[in-house]
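Printed here is start-v1.cif (mmCIF, N, CA and C atoms):
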```
data_final
#
loop_
_atom_site.label_atom_id
_atom_site.label_comp_id
_atom_site.auth_asym_id
_atom_site.auth_seq_id
_atom_site.Cartn_x
_atom_site.Cartn_y
_atom_site.Cartn_z
N MET A 22 -17.66 6.56 21.98
CA MET A 22 -17.13 5.91 20.80
C MET A 22 -16.34 4.68 21.21
N LYS A 23 -16.58 3.56 20.52
CA LYS A 23 -15.91 2.31 20.83
C LYS A 23 -14.44 2.34 20.40
N GLN A 24 -13.54 1.91 21.29
CA GLN A 24 -12.11 1.88 21.00
C GLN A 24 -11.80 0.70 20.08
N GLN A 25 -10.98 0.94 19.06
CA GLN A 25 -10.59 -0.12 18.14
C GLN A 25 -9.53 -1.00 18.78
N GLN A 26 -9.59 -2.30 18.48
CA GLN A 26 -8.58 -3.23 18.97
C GLN A 26 -7.42 -3.22 17.98
N VAL A 27 -6.23 -2.85 18.46
CA VAL A 27 -5.05 -2.81 17.59
C VAL A 27 -3.98 -3.73 18.15
N ARG A 28 -3.18 -4.32 17.22
CA ARG A 28 -2.14 -5.26 17.61
C ARG A 28 -0.88 -5.01 16.78
N VAL A 29 0.24 -5.41 17.32
CA VAL A 29 1.51 -5.33 16.60
C VAL A 29 1.41 -6.19 15.34
N GLY A 30 1.89 -5.66 14.22
CA GLY A 30 1.85 -6.38 12.95
C GLY A 30 0.62 -6.09 12.11
N GLN A 31 -0.33 -5.35 12.66
CA GLN A 31 -1.57 -5.06 11.95
C GLN A 31 -1.36 -3.93 10.94
N VAL A 32 -1.95 -4.08 9.77
CA VAL A 32 -1.88 -3.06 8.73
C VAL A 32 -3.03 -2.09 8.95
N VAL A 33 -2.71 -0.78 8.90
CA VAL A 33 -3.72 0.26 9.09
C VAL A 33 -3.59 1.29 7.97
N GLN A 34 -4.66 2.06 7.76
CA GLN A 34 -4.66 3.13 6.76
C GLN A 34 -4.96 4.45 7.46
N SER A 35 -4.09 5.43 7.23
CA SER A 35 -4.25 6.74 7.86
C SER A 35 -5.48 7.45 7.30
N LYS A 36 -6.25 8.07 8.19
CA LYS A 36 -7.40 8.86 7.70
C LYS A 36 -7.30 10.32 8.09
N LYS A 37 -6.21 10.71 8.74
CA LYS A 37 -5.99 12.12 9.11
C LYS A 37 -4.53 12.48 8.90
N GLY A 38 -4.28 13.76 8.67
CA GLY A 38 -2.91 14.26 8.57
C GLY A 38 -2.37 14.25 7.15
N ARG A 39 -1.13 14.65 7.02
CA ARG A 39 -0.53 14.74 5.69
C ARG A 39 -0.26 13.37 5.07
N ASP A 40 -0.32 12.32 5.88
CA ASP A 40 -0.13 10.96 5.36
C ASP A 40 -1.46 10.27 5.06
N HIS A 41 -2.53 11.05 4.92
CA HIS A 41 -3.88 10.55 4.65
C HIS A 41 -3.86 9.54 3.50
N GLY A 42 -4.44 8.36 3.73
CA GLY A 42 -4.57 7.35 2.70
C GLY A 42 -3.42 6.35 2.64
N ARG A 43 -2.32 6.62 3.31
CA ARG A 43 -1.15 5.73 3.28
C ARG A 43 -1.37 4.54 4.22
N TYR A 44 -0.75 3.43 3.83
CA TYR A 44 -0.80 2.22 4.65
C TYR A 44 0.44 2.12 5.52
N PHE A 45 0.26 1.65 6.76
CA PHE A 45 1.34 1.49 7.72
C PHE A 45 1.16 0.16 8.44
N VAL A 46 2.23 -0.26 9.13
CA VAL A 46 2.17 -1.43 10.00
C VAL A 46 2.45 -0.96 11.42
N ILE A 47 1.68 -1.46 12.37
CA ILE A 47 1.90 -1.14 13.78
C ILE A 47 3.09 -1.93 14.28
N ILE A 48 4.10 -1.23 14.84
CA ILE A 48 5.24 -1.93 15.41
C ILE A 48 5.27 -1.84 16.93
N ASP A 49 4.44 -0.99 17.52
CA ASP A 49 4.37 -0.90 18.97
C ASP A 49 3.06 -0.24 19.38
N VAL A 50 2.44 -0.77 20.42
CA VAL A 50 1.25 -0.16 21.01
C VAL A 50 1.72 0.51 22.30
N LEU A 51 1.73 1.85 22.30
CA LEU A 51 2.24 2.60 23.44
C LEU A 51 1.27 2.61 24.61
N ASP A 52 0.00 2.84 24.31
CA ASP A 52 -1.09 2.83 25.29
C ASP A 52 -2.39 2.68 24.51
N PRO A 53 -3.55 2.70 25.15
CA PRO A 53 -4.80 2.51 24.41
C PRO A 53 -5.06 3.58 23.33
N ASP A 54 -4.42 4.74 23.42
CA ASP A 54 -4.68 5.82 22.47
C ASP A 54 -3.61 6.00 21.39
N TYR A 55 -2.37 5.55 21.63
CA TYR A 55 -1.27 5.81 20.71
C TYR A 55 -0.53 4.54 20.30
N VAL A 56 -0.07 4.54 19.04
CA VAL A 56 0.76 3.45 18.52
C VAL A 56 1.93 4.04 17.73
N LEU A 57 2.92 3.21 17.41
CA LEU A 57 4.01 3.59 16.52
C LEU A 57 3.81 2.87 15.20
N LEU A 58 3.89 3.63 14.09
CA LEU A 58 3.64 3.11 12.76
C LEU A 58 4.86 3.28 11.86
N VAL A 59 5.05 2.33 10.95
CA VAL A 59 6.09 2.44 9.92
C VAL A 59 5.51 1.95 8.60
N ASP A 60 6.10 2.45 7.50
CA ASP A 60 5.72 1.95 6.18
C ASP A 60 6.93 1.50 5.37
N GLY A 61 8.13 1.73 5.89
CA GLY A 61 9.34 1.30 5.21
C GLY A 61 9.80 2.26 4.13
N LYS A 62 9.02 3.29 3.82
CA LYS A 62 9.38 4.28 2.80
C LYS A 62 9.60 5.63 3.47
N LEU A 63 8.52 6.37 3.69
CA LEU A 63 8.61 7.68 4.32
C LEU A 63 8.78 7.57 5.83
N ARG A 64 8.12 6.60 6.43
CA ARG A 64 8.26 6.37 7.86
C ARG A 64 9.01 5.07 8.04
N ARG A 65 10.32 5.23 8.26
CA ARG A 65 11.20 4.08 8.36
C ARG A 65 11.32 3.63 9.81
N LEU A 66 11.93 2.49 10.01
CA LEU A 66 12.04 1.89 11.34
C LEU A 66 12.84 2.76 12.31
N ASP A 67 13.79 3.54 11.79
CA ASP A 67 14.60 4.37 12.68
C ASP A 67 13.84 5.61 13.17
N LYS A 68 12.72 5.94 12.54
CA LYS A 68 11.92 7.10 12.96
C LYS A 68 10.43 6.82 12.74
N PRO A 69 9.85 5.95 13.59
CA PRO A 69 8.43 5.61 13.41
C PRO A 69 7.50 6.78 13.73
N LYS A 70 6.29 6.71 13.21
CA LYS A 70 5.28 7.75 13.41
C LYS A 70 4.43 7.41 14.62
N LYS A 71 4.34 8.34 15.57
CA LYS A 71 3.44 8.18 16.71
C LYS A 71 2.10 8.75 16.29
N LYS A 72 1.05 7.94 16.36
CA LYS A 72 -0.25 8.37 15.86
C LYS A 72 -1.36 7.87 16.78
N LYS A 73 -2.38 8.72 16.91
CA LYS A 73 -3.55 8.34 17.70
C LYS A 73 -4.35 7.27 16.96
N VAL A 74 -4.90 6.34 17.73
CA VAL A 74 -5.68 5.24 17.17
C VAL A 74 -6.89 5.76 16.40
N LYS A 75 -7.49 6.85 16.86
CA LYS A 75 -8.68 7.36 16.18
C LYS A 75 -8.36 8.00 14.82
N HIS A 76 -7.09 8.17 14.50
CA HIS A 76 -6.71 8.81 13.24
C HIS A 76 -6.33 7.83 12.15
N PHE A 77 -6.59 6.54 12.35
CA PHE A 77 -6.39 5.59 11.27
C PHE A 77 -7.48 4.52 11.28
N LYS A 78 -7.62 3.89 10.12
CA LYS A 78 -8.61 2.84 9.93
C LYS A 78 -7.90 1.50 10.03
N VAL A 79 -8.37 0.64 10.90
CA VAL A 79 -7.77 -0.66 11.14
C VAL A 79 -8.25 -1.65 10.08
N SER A 80 -7.33 -2.43 9.53
CA SER A 80 -7.71 -3.49 8.59
C SER A 80 -7.65 -4.83 9.30
N ASN A 81 -8.15 -5.85 8.64
CA ASN A 81 -8.10 -7.20 9.20
C ASN A 81 -6.79 -7.91 8.86
N HIS A 82 -5.90 -7.24 8.13
CA HIS A 82 -4.64 -7.83 7.72
C HIS A 82 -3.61 -7.72 8.84
N ILE A 83 -3.01 -8.84 9.20
CA ILE A 83 -1.95 -8.85 10.21
C ILE A 83 -0.76 -9.60 9.63
N SER A 84 0.42 -8.98 9.70
CA SER A 84 1.64 -9.62 9.24
C SER A 84 2.22 -10.44 10.40
N GLU A 85 2.09 -11.75 10.29
CA GLU A 85 2.63 -12.63 11.33
C GLU A 85 4.15 -12.55 11.37
N GLU A 86 4.77 -12.34 10.20
CA GLU A 86 6.23 -12.22 10.12
C GLU A 86 6.73 -11.03 10.95
N ILE A 87 6.11 -9.86 10.74
CA ILE A 87 6.52 -8.66 11.49
C ILE A 87 6.19 -8.83 12.97
N LYS A 88 5.03 -9.36 13.27
CA LYS A 88 4.63 -9.57 14.66
C LYS A 88 5.65 -10.45 15.39
N CYS A 89 6.03 -11.56 14.78
CA CYS A 89 6.99 -12.48 15.40
C CYS A 89 8.36 -11.83 15.58
N ARG A 90 8.80 -11.08 14.59
CA ARG A 90 10.11 -10.43 14.68
C ARG A 90 10.14 -9.34 15.75
N VAL A 91 9.07 -8.58 15.87
CA VAL A 91 9.02 -7.53 16.90
C VAL A 91 9.00 -8.16 18.29
N GLU A 92 8.17 -9.19 18.46
CA GLU A 92 8.04 -9.83 19.77
C GLU A 92 9.31 -10.55 20.20
N SER A 93 10.09 -11.08 19.24
CA SER A 93 11.30 -11.82 19.59
C SER A 93 12.57 -10.96 19.46
N ASP A 94 12.41 -9.68 19.16
CA ASP A 94 13.54 -8.76 18.97
C ASP A 94 14.49 -9.21 17.86
N SER A 95 13.95 -9.88 16.84
CA SER A 95 14.75 -10.27 15.68
C SER A 95 14.92 -9.08 14.75
N LYS A 96 15.81 -9.23 13.78
CA LYS A 96 16.08 -8.14 12.84
C LYS A 96 14.85 -7.87 11.96
N LEU A 97 14.46 -6.61 11.93
CA LEU A 97 13.34 -6.16 11.12
C LEU A 97 13.87 -5.08 10.19
N THR A 98 13.59 -5.19 8.89
CA THR A 98 14.11 -4.24 7.92
C THR A 98 12.98 -3.47 7.25
N ASN A 99 13.33 -2.31 6.70
CA ASN A 99 12.35 -1.51 5.97
C ASN A 99 11.87 -2.25 4.73
N ALA A 100 12.76 -3.00 4.09
CA ALA A 100 12.38 -3.76 2.90
C ALA A 100 11.32 -4.81 3.25
N LEU A 101 11.48 -5.46 4.39
CA LEU A 101 10.50 -6.46 4.82
C LEU A 101 9.16 -5.80 5.10
N VAL A 102 9.17 -4.64 5.73
CA VAL A 102 7.92 -3.91 6.01
C VAL A 102 7.21 -3.58 4.71
N ARG A 103 7.95 -3.04 3.73
CA ARG A 103 7.35 -2.71 2.42
C ARG A 103 6.77 -3.95 1.75
N LYS A 104 7.53 -5.06 1.79
CA LYS A 104 7.10 -6.30 1.16
C LYS A 104 5.83 -6.85 1.82
N GLU A 105 5.77 -6.80 3.14
CA GLU A 105 4.59 -7.30 3.86
C GLU A 105 3.35 -6.45 3.58
N ILE A 106 3.51 -5.13 3.55
CA ILE A 106 2.37 -4.26 3.23
C ILE A 106 1.87 -4.57 1.82
N GLU A 107 2.78 -4.67 0.89
CA GLU A 107 2.41 -4.98 -0.51
C GLU A 107 1.70 -6.33 -0.61
N LYS A 108 2.23 -7.32 0.11
CA LYS A 108 1.65 -8.67 0.07
C LYS A 108 0.25 -8.68 0.68
N LEU A 109 0.06 -8.01 1.80
CA LEU A 109 -1.21 -8.06 2.50
C LEU A 109 -2.28 -7.17 1.88
N ILE A 110 -1.88 -6.01 1.39
CA ILE A 110 -2.87 -5.07 0.84
C ILE A 110 -3.10 -5.33 -0.65
N GLY A 111 -2.01 -5.63 -1.36
CA GLY A 111 -2.14 -5.98 -2.78
C GLY A 111 -2.70 -4.85 -3.62
N ASN A 112 -3.85 -5.09 -4.22
CA ASN A 112 -4.46 -4.16 -5.18
C ASN A 112 -5.08 -2.94 -4.53
N GLU A 113 -5.19 -2.91 -3.21
CA GLU A 113 -5.81 -1.76 -2.54
C GLU A 113 -4.90 -0.55 -2.53
N ILE A 114 -3.57 -0.75 -2.74
CA ILE A 114 -2.63 0.37 -2.73
C ILE A 114 -2.84 1.21 -3.97
N GLU A 115 -2.85 2.52 -3.77
CA GLU A 115 -3.10 3.45 -4.87
C GLU A 115 -1.90 3.52 -5.78
#
```

What would the structure in this file look like if it were written as structure tokens?
Amino acid sequence: MKQQQVRVGQVVQSKKGRDHGRYFVIIDVLDPDYVLLVDGKLRRLDKPKKKKVKHFKVSNHISEEIKCRVESDSKLTNALVRKEIEKLIGNEIE
């Protein structure tokens, strides 16, 4: 199976687990198999979700704002994460 390319700031949709169907933003790539995800609501920045790459669907949406803030260690808030997901996904959110 081909490994998906994932990057910090990328919006993904969970396809396994109790968070099935929810959208998240990648805030850290731990290794080729695991990433840390947040959504600003249930999975906040203080307790990100560690998830296997094969358990979510990667979108083409990347938040440059979140990517820049993570890479430069600038302040990142849950409100900004929620706003970016809403802006990038728009009508796809249930």

- prompt: Which neighbours of region 108-111 of chain A fall inside 8 Å, counting only N, CA and C atoms, when residues of the same chain fewer than 6 positions from it are skipped, and could you give them as an MDAnalysis selection string?
  reply: chainID A and resid 32 82:84 102

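The residue that comes closest to Lys72 (chain A), out of A:Arg90, A:Arg28, A:Arg103, A:Lys37 and on the basis of only C-alpha atoms, is A:Lys37.
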
Residue neighbourhood Gln31 (chain A), 7 Å, only N, CA and C atoms, exclusion window fewer than 2 positions, as a ChimeraX atom specification: /A:27-29,33,45-48,80-84,88

Output of the PyMOL selection byres ((chain A and resi 61) around 8), listed as a compact mmCIF listing (two decimals) with N, CA and C atoms, in the frame of the given file:
```txt
# COMPACT_ATOMS: atom_id res chain seq x y z
N TYR A 44 -0.75 3.43 3.83
CA TYR A 44 -0.80 2.22 4.65
C TYR A 44 0.44 2.12 5.52
N PHE A 45 0.26 1.65 6.76
CA PHE A 45 1.34 1.49 7.72
C PHE A 45 1.16 0.16 8.44
N VAL A 46 2.23 -0.26 9.13
CA VAL A 46 2.17 -1.43 10.00
C VAL A 46 2.45 -0.96 11.42
N LEU A 58 3.89 3.63 14.09
CA LEU A 58 3.64 3.11 12.76
C LEU A 58 4.86 3.28 11.86
N VAL A 59 5.05 2.33 10.95
CA VAL A 59 6.09 2.44 9.92
C VAL A 59 5.51 1.95 8.60
N ASP A 60 6.10 2.45 7.50
CA ASP A 60 5.72 1.95 6.18
C ASP A 60 6.93 1.50 5.37
N LYS A 62 9.02 3.29 3.82
CA LYS A 62 9.38 4.28 2.80
C LYS A 62 9.60 5.63 3.47
N LEU A 63 8.52 6.37 3.69
CA LEU A 63 8.61 7.68 4.32
C LEU A 63 8.78 7.57 5.83
N ARG A 64 8.12 6.60 6.43
CA ARG A 64 8.26 6.37 7.86
C ARG A 64 9.01 5.07 8.04
N ARG A 65 10.32 5.23 8.26
CA ARG A 65 11.20 4.08 8.36
C ARG A 65 11.32 3.63 9.81
N LEU A 66 11.93 2.49 10.01
CA LEU A 66 12.04 1.89 11.34
C LEU A 66 12.84 2.76 12.31
N THR A 98 13.59 -5.19 8.89
CA THR A 98 14.11 -4.24 7.92
C THR A 98 12.98 -3.47 7.25
N ASN A 99 13.33 -2.31 6.70
CA ASN A 99 12.35 -1.51 5.97
C ASN A 99 11.87 -2.25 4.73
N ALA A 100 12.76 -3.00 4.09
CA ALA A 100 12.38 -3.76 2.90
C ALA A 100 11.32 -4.81 3.25
N LEU A 101 11.48 -5.46 4.39
CA LEU A 101 10.50 -6.46 4.82
C LEU A 101 9.16 -5.80 5.10
N VAL A 102 9.17 -4.64 5.73
CA VAL A 102 7.92 -3.91 6.01
C VAL A 102 7.21 -3.58 4.71
N ARG A 103 7.95 -3.04 3.73
CA ARG A 103 7.35 -2.71 2.42
C ARG A 103 6.77 -3.95 1.75
N LYS A 104 7.53 -5.06 1.79
CA LYS A 104 7.10 -6.30 1.16
C LYS A 104 5.83 -6.85 1.82
```

query: So what do you get for CA of Gln34 (chain A) versus atom C of Asp54 (chain A), distance-wise?
result: 14.9 Å

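CA of Gly30 (chain A) is found 10.8 Å from CA of Leu57 (chain A).
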
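The coordinates place CA of Glu107 (chain A) at 18.6 Å from atom N of Asp49 (chain A).
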